[in-house]
file query31.pdb (PDB, C-alpha atoms)
ATOM      1  CA  MET E   1     -20.808 -32.155  11.901
ATOM      2  CA  LYS E   2     -18.238 -29.583  10.754
ATOM      3  CA  LYS E   3     -14.922 -30.658   9.275
ATOM      4  CA  CYS E   4     -11.452 -29.125   9.600
ATOM      5  CA  LYS E   5     -10.494 -26.671   6.835
ATOM      6  CA  ILE E   6      -7.098 -28.338   6.439
ATOM      7  CA  CYS E   7      -7.359 -32.080   7.043
ATOM      8  CA  SER E   8     -11.162 -32.605   6.874
ATOM      9  CA  LYS E   9     -11.258 -34.408  10.234
ATOM     10  CA  PRO E  10     -14.419 -33.872  12.306
ATOM     11  CA  ILE E  11     -14.230 -30.881  14.647
ATOM     12  CA  VAL E  12     -15.058 -31.413  18.312
ATOM     13  CA  GLY E  13     -15.723 -28.481  20.621
ATOM     14  CA  ARG E  14     -17.087 -24.987  20.108
ATOM     15  CA  SER E  15     -19.568 -24.399  17.323
ATOM     16  CA  ASP E  16     -17.425 -21.656  15.721
ATOM     17  CA  LYS E  17     -14.220 -23.735  15.529
ATOM     18  CA  LYS E  18     -12.670 -24.031  12.051
ATOM     19  CA  PHE E  19      -9.728 -26.358  12.739
ATOM     20  CA  CYS E  20      -9.393 -29.680  14.506
ATOM     21  CA  SER E  21      -6.043 -28.860  16.135
ATOM     22  CA  VAL E  22      -3.494 -26.151  16.802
ATOM     23  CA  LYS E  23      -1.263 -27.766  14.170
ATOM     24  CA  CYS E  24      -3.912 -27.325  11.442
ATOM     25  CA  LYS E  25      -4.643 -23.771  12.600
ATOM     26  CA  ASN E  26      -0.948 -22.831  12.509
ATOM     27  CA  TYR E  27      -0.505 -24.423   9.085
ATOM     28  CA  TYR E  28      -3.439 -22.419   7.700
ATOM     29  CA  HIS E  29      -2.262 -19.057   9.072
ATOM     30  CA  THR E  30       1.399 -19.606   8.129
ATOM     31  CA  ASN E  31       0.434 -20.307   4.521
ATOM     32  CA  LEU E  32      -1.973 -17.368   4.487
ATOM     33  CA  ARG E  33       0.824 -15.009   5.611
ATOM     34  CA  ARG E  34       3.215 -16.449   3.017
ATOM     35  CA  VAL E  35       0.756 -15.929   0.164
ATOM     36  CA  THR E  36      -0.138 -12.426   1.373
ATOM     37  CA  LYS E  37       3.526 -11.439   1.684
ATOM     38  CA  ALA E  38       4.285 -12.583  -1.852
ATOM     39  CA  ALA E  39       1.298 -10.680  -3.246
ATOM     40  CA  VAL E  40       2.141  -7.335  -1.640
ATOM     41  CA  GLN E  41       5.917  -7.461  -1.939
ATOM     42  CA  ASP E  42       6.002  -6.033  -5.487
ATOM     43  CA  ILE E  43       3.499  -3.305  -4.628
ATOM     44  CA  ASP E  44       5.500  -2.380  -1.518
ATOM     45  CA  LYS E  45       8.639  -1.970  -3.645
ATOM     46  CA  ILE E  46       6.806   0.412  -5.993
ATOM     47  CA  LEU E  47       5.391   2.447  -3.080
ATOM     48  CA  HIS E  48       8.812   2.731  -1.430
ATOM     49  CA  ARG E  49      10.393   3.747  -4.739
ATOM     50  CA  ASN E  50       7.702   6.406  -5.270
ATOM     51  CA  ARG E  51       8.316   7.770  -1.774
ATOM     52  CA  SER E  52      12.071   7.831  -2.349
ATOM     53  CA  ILE E  53      11.593   9.828  -5.557
ATOM     54  CA  LEU E  54       9.363  12.350  -3.786
ATOM     55  CA  LEU E  55      11.858  12.663  -0.908
ATOM     56  CA  GLU E  56      14.726  13.143  -3.350
ATOM     57  CA  LEU E  57      12.864  15.966  -5.086
ATOM     58  CA  THR E  58      11.782  17.794  -1.938
ATOM     59  CA  GLY E  59      14.956  17.246   0.025
ATOM     60  CA  LYS E  60      15.167  16.991   3.801
ATOM     61  CA  TYR E  61      14.010  20.471   4.685
ATOM     62  CA  LYS E  62      11.492  21.586   2.065
ATOM     63  CA  VAL E  63       7.836  21.109   2.860
ATOM     64  CA  GLN E  64       6.547  21.604  -0.674
ATOM     65  CA  ILE E  65       7.826  21.958  -4.214
ATOM     66  CA  LYS E  66       6.292  22.336  -7.658
ATOM     67  CA  VAL E  67       7.888  20.223 -10.404
ATOM     68  CA  ASN E  68       7.264  19.451 -14.046
ATOM     69  CA  ARG E  69       5.585  16.105 -14.684
ATOM     70  CA  MET E  70       8.422  15.158 -17.066
ATOM     71  CA  LEU E  71      10.857  15.118 -14.146
ATOM     72  CA  LEU E  72       8.798  12.478 -12.334
ATOM     73  CA  ASP E  73       8.402  10.550 -15.595
ATOM     74  CA  LYS E  74      12.182  10.497 -16.115
ATOM     75  CA  LYS E  75      12.629   9.045 -12.632
ATOM     76  CA  LYS E  76      10.043   6.354 -13.470
ATOM     77  CA  PHE E  77       7.542   7.498 -10.858
ATOM     78  CA  ASN E  78       4.532   5.164 -10.952
ATOM     79  CA  TYR E  79       1.370   7.287 -10.658
ATOM     80  CA  LYS E  80      -0.945   4.273 -10.350
ATOM     81  CA  TYR E  81       0.396   3.299  -6.940
ATOM     82  CA  HIS E  82      -0.406   5.368  -3.867
ATOM     83  CA  THR E  83      -1.474   4.656  -0.300
ATOM     84  CA  HIS E  84      -4.608   6.808  -0.159
ATOM     85  CA  LEU E  85      -6.528   9.721  -1.679
ATOM     86  CA  TYR E  86      -7.943  12.969  -0.333
ATOM     87  CA  ARG E  87     -10.371  15.364  -2.015
ATOM     88  CA  ASN E  88     -10.151  18.880  -0.579
ATOM     89  CA  ILE E  89     -12.966  21.428  -0.237
ATOM     90  CA  LYS E  90     -12.277  22.800  -3.729
ATOM     91  CA  GLY E  91     -12.644  19.307  -5.212
ATOM     92  CA  LYS E  92      -8.930  18.887  -5.985
ATOM     93  CA  LEU E  93      -7.655  15.335  -5.627
ATOM     94  CA  TRP E  94      -4.506  14.675  -3.594
ATOM     95  CA  PHE E  95      -2.646  11.376  -3.990
ATOM     96  CA  TYR E  96      -0.623  10.150  -1.016
ATOM     97  CA  VAL E  97       2.391   7.885  -0.673
ATOM     98  CA  TYR E  98       2.759   7.500   3.074
ATOM     99  CA  ASP E  99       3.710  10.991   4.314
ATOM    100  CA  PHE E 100       3.983  12.660   0.888
ATOM    101  CA  ALA E 101       1.112  14.043  -1.165
ATOM    102  CA  TRP E 102       0.960  15.247  -4.739
ATOM    103  CA  MET E 103      -1.629  17.062  -6.798
ATOM    104  CA  GLU E 104      -1.618  17.369 -10.582
ATOM    105  CA  PHE E 105      -2.263  20.703 -12.257
ATOM    106  CA  SER E 106      -3.619  21.162 -15.784
ATOM    107  CA  ASP E 107      -0.369  22.718 -17.011
ATOM    108  CA  ASN E 108       1.712  19.539 -16.478
ATOM    109  CA  GLU E 109       3.016  20.690 -13.132
ATOM    110  CA  ILE E 110       2.779  18.691  -9.962
ATOM    111  CA  LEU E 111       2.754  20.075  -6.445
ATOM    112  CA  ILE E 112       4.508  17.787  -3.963
ATOM    113  CA  VAL E 113       3.895  18.310  -0.244
ATOM    114  CA  LYS E 114       5.520  16.543   2.689
ATOM    115  CA  LYS E 115       3.008  16.039   5.505
ATOM    116  CA  LYS E 116       4.046  15.961   9.152
TER
END
call {"tool": "encode", "arguments": {"input": "query31.pdb", "output": "structure tokens"}}
result
Amino acid sequence: MKKCKICSKPIVGRSDKKFCSVKCKNYYHTNLRRVTKAAVQDIDKILHRNRSILLELTGKYKVQIKVNRMLLDKKKFNYKYHTHLYRNIKGKLWFYVYDFAWMEFSDNEILIVKKK
């Protein structure tokens, strides 16, 4: 007989049940959300800061801009954190932070593009 994940009481009912009661189920999911929120909170702050830096550099109306890597370094842009990657047909790697993308060039310049 299966036992509850939280209180170890025997589970009665469906064969795929994991908890003995709604109380145990709610307790499990509430704690899971709390732990998940704590884990991603620091990363979210870094991602939002990176996006703010990119927005500050491009401004409201520019779609793309080329900047020196030193400028991003001075603003403490964190290159390790991004939301996703894209490799174009030419094999160039684009790093995304939400709706902004950047690509590094060999001459220490970075192209920043705001996607729509």
call {"tool": "residues_near_point", "arguments": {"input": "query31.pdb", "point": "(10.8, 17.8, 6.5)", "cutoff": "10 Å", "atoms": "all atoms listed in the file", "output": "NGL selection string"}}
result
:E and (55 or 58-64 or 113-116)
call {"tool": "atom_distance", "arguments": {"input": "query31.pdb", "atom1": "CA of Lys3 in chain E", "atom2": "CA of Asn26 in chain E"}}
result
16.3 Å
call {"tool": "closest_residue", "arguments": {"input": "query31.pdb", "among": "E:Val12, E:Leu57, E:Cys7, E:Val35", "to": "Leu71 in chain E", "atoms": "all atoms listed in the file"}}
result
E:Leu57
call {"tool": "residues_near_point", "arguments": {"input": "query31.pdb", "point": "(7.5, 6.0, -12.4)", "cutoff": "12 Å", "atoms": "only C-alpha atoms", "output": "PDB file with C-alpha atoms, in the frame of the given file"}}
result
ATOM      1  CA  LYS E  45       8.639  -1.970  -3.645  1.00  0.00           C
ATOM      2  CA  ILE E  46       6.806   0.412  -5.993  1.00  0.00           C
ATOM      3  CA  LEU E  47       5.391   2.447  -3.080  1.00  0.00           C
ATOM      4  CA  HIS E  48       8.812   2.731  -1.430  1.00  0.00           C
ATOM      5  CA  ARG E  49      10.393   3.747  -4.739  1.00  0.00           C
ATOM      6  CA  ASN E  50       7.702   6.406  -5.270  1.00  0.00           C
ATOM      7  CA  ARG E  51       8.316   7.770  -1.774  1.00  0.00           C
ATOM      8  CA  SER E  52      12.071   7.831  -2.349  1.00  0.00           C
ATOM      9  CA  ILE E  53      11.593   9.828  -5.557  1.00  0.00           C
ATOM     10  CA  LEU E  54       9.363  12.350  -3.786  1.00  0.00           C
ATOM     11  CA  ARG E  69       5.585  16.105 -14.684  1.00  0.00           C
ATOM     12  CA  MET E  70       8.422  15.158 -17.066  1.00  0.00           C
ATOM     13  CA  LEU E  71      10.857  15.118 -14.146  1.00  0.00           C
ATOM     14  CA  LEU E  72       8.798  12.478 -12.334  1.00  0.00           C
ATOM     15  CA  ASP E  73       8.402  10.550 -15.595  1.00  0.00           C
ATOM     16  CA  LYS E  74      12.182  10.497 -16.115  1.00  0.00           C
ATOM     17  CA  LYS E  75      12.629   9.045 -12.632  1.00  0.00           C
ATOM     18  CA  LYS E  76      10.043   6.354 -13.470  1.00  0.00           C
ATOM     19  CA  PHE E  77       7.542   7.498 -10.858  1.00  0.00           C
ATOM     20  CA  ASN E  78       4.532   5.164 -10.952  1.00  0.00           C
ATOM     21  CA  TYR E  79       1.370   7.287 -10.658  1.00  0.00           C
ATOM     22  CA  LYS E  80      -0.945   4.273 -10.350  1.00  0.00           C
ATOM     23  CA  TYR E  81       0.396   3.299  -6.940  1.00  0.00           C
ATOM     24  CA  HIS E  82      -0.406   5.368  -3.867  1.00  0.00           C
TER      25      HIS E  82
END
call {"tool": "resolve_selection", "arguments": {"input": "query31.pdb", "expression": "the PyMOL selection byres ((chain E and resi 67) around 6)", "output": "PyMOL selection string"}}
result
chain E and resi 66+68+109-110
call {"tool": "residues_around", "arguments": {"input": "query31.pdb", "residues": "Cys20 in chain E", "least_positions_apart": "5", "cutoff": "12 Å", "atoms": "all atoms listed in the file", "output": "compact mmCIF listing (two decimals) with C-alpha atoms, in the frame of the given file"}}
result
# COMPACT_ATOMS: atom_id res chain seq x y z
CA MET E 1 -20.81 -32.16 11.90
CA LYS E 2 -18.24 -29.58 10.75
CA LYS E 3 -14.92 -30.66 9.28
CA CYS E 4 -11.45 -29.12 9.60
CA LYS E 5 -10.49 -26.67 6.84
CA ILE E 6 -7.10 -28.34 6.44
CA CYS E 7 -7.36 -32.08 7.04
CA SER E 8 -11.16 -32.60 6.87
CA LYS E 9 -11.26 -34.41 10.23
CA PRO E 10 -14.42 -33.87 12.31
CA ILE E 11 -14.23 -30.88 14.65
CA VAL E 12 -15.06 -31.41 18.31
CA GLY E 13 -15.72 -28.48 20.62
CA ARG E 14 -17.09 -24.99 20.11
CA SER E 15 -19.57 -24.40 17.32
CA LYS E 25 -4.64 -23.77 12.60
CA ASN E 26 -0.95 -22.83 12.51
CA TYR E 27 -0.50 -24.42 9.09
CA TYR E 28 -3.44 -22.42 7.70
call {"tool": "closest_residue", "arguments": {"input": "query31.pdb", "among": "E:Met103, E:Ile65, E:Arg33, E:Phe19", "to": "Gly91 in chain E", "atoms": "only C-alpha atoms"}}
result
E:Met103
call {"tool": "atom_distance", "arguments": {"input": "query31.pdb", "atom1": "CA of His84 in chain E", "atom2": "CA of Trp102 in chain E"}}
result
11.1 Å
call {"tool": "atom_distance", "arguments": {"input": "query31.pdb", "atom1": "CA of Thr30 in chain E", "atom2": "CA of Lys17 in chain E"}}
result
17.8 Å
call {"tool": "resolve_selection", "arguments": {"input": "query31.pdb", "expression": "the PyMOL selection byres ((chain E and resi 98) around 8)", "output": "list in words"}}
result
Arg51, His82, Thr83, Tyr96, Val97, Asp99, Phe100 and Ala101 of chain E
call {"tool": "write_last_selection", "arguments": {"input": "query31.pdb", "atoms": "C-alpha atoms", "output": "short mmCIF file (atom, residue, chain, number, x, y, z; two decimals), in the frame of the given file"}}
result
data_model
loop_
_atom_site.label_atom_id
_atom_site.label_comp_id
_atom_site.auth_asym_id
_atom_site.auth_seq_id
_atom_site.Cartn_x
_atom_site.Cartn_y
_atom_site.Cartn_z
CA ARG E 51 8.32 7.77 -1.77
CA HIS E 82 -0.41 5.37 -3.87
CA THR E 83 -1.47 4.66 -0.30
CA TYR E 96 -0.62 10.15 -1.02
CA VAL E 97 2.39 7.88 -0.67
CA ASP E 99 3.71 10.99 4.31
CA PHE E 100 3.98 12.66 0.89
CA ALA E 101 1.11 14.04 -1.16
#
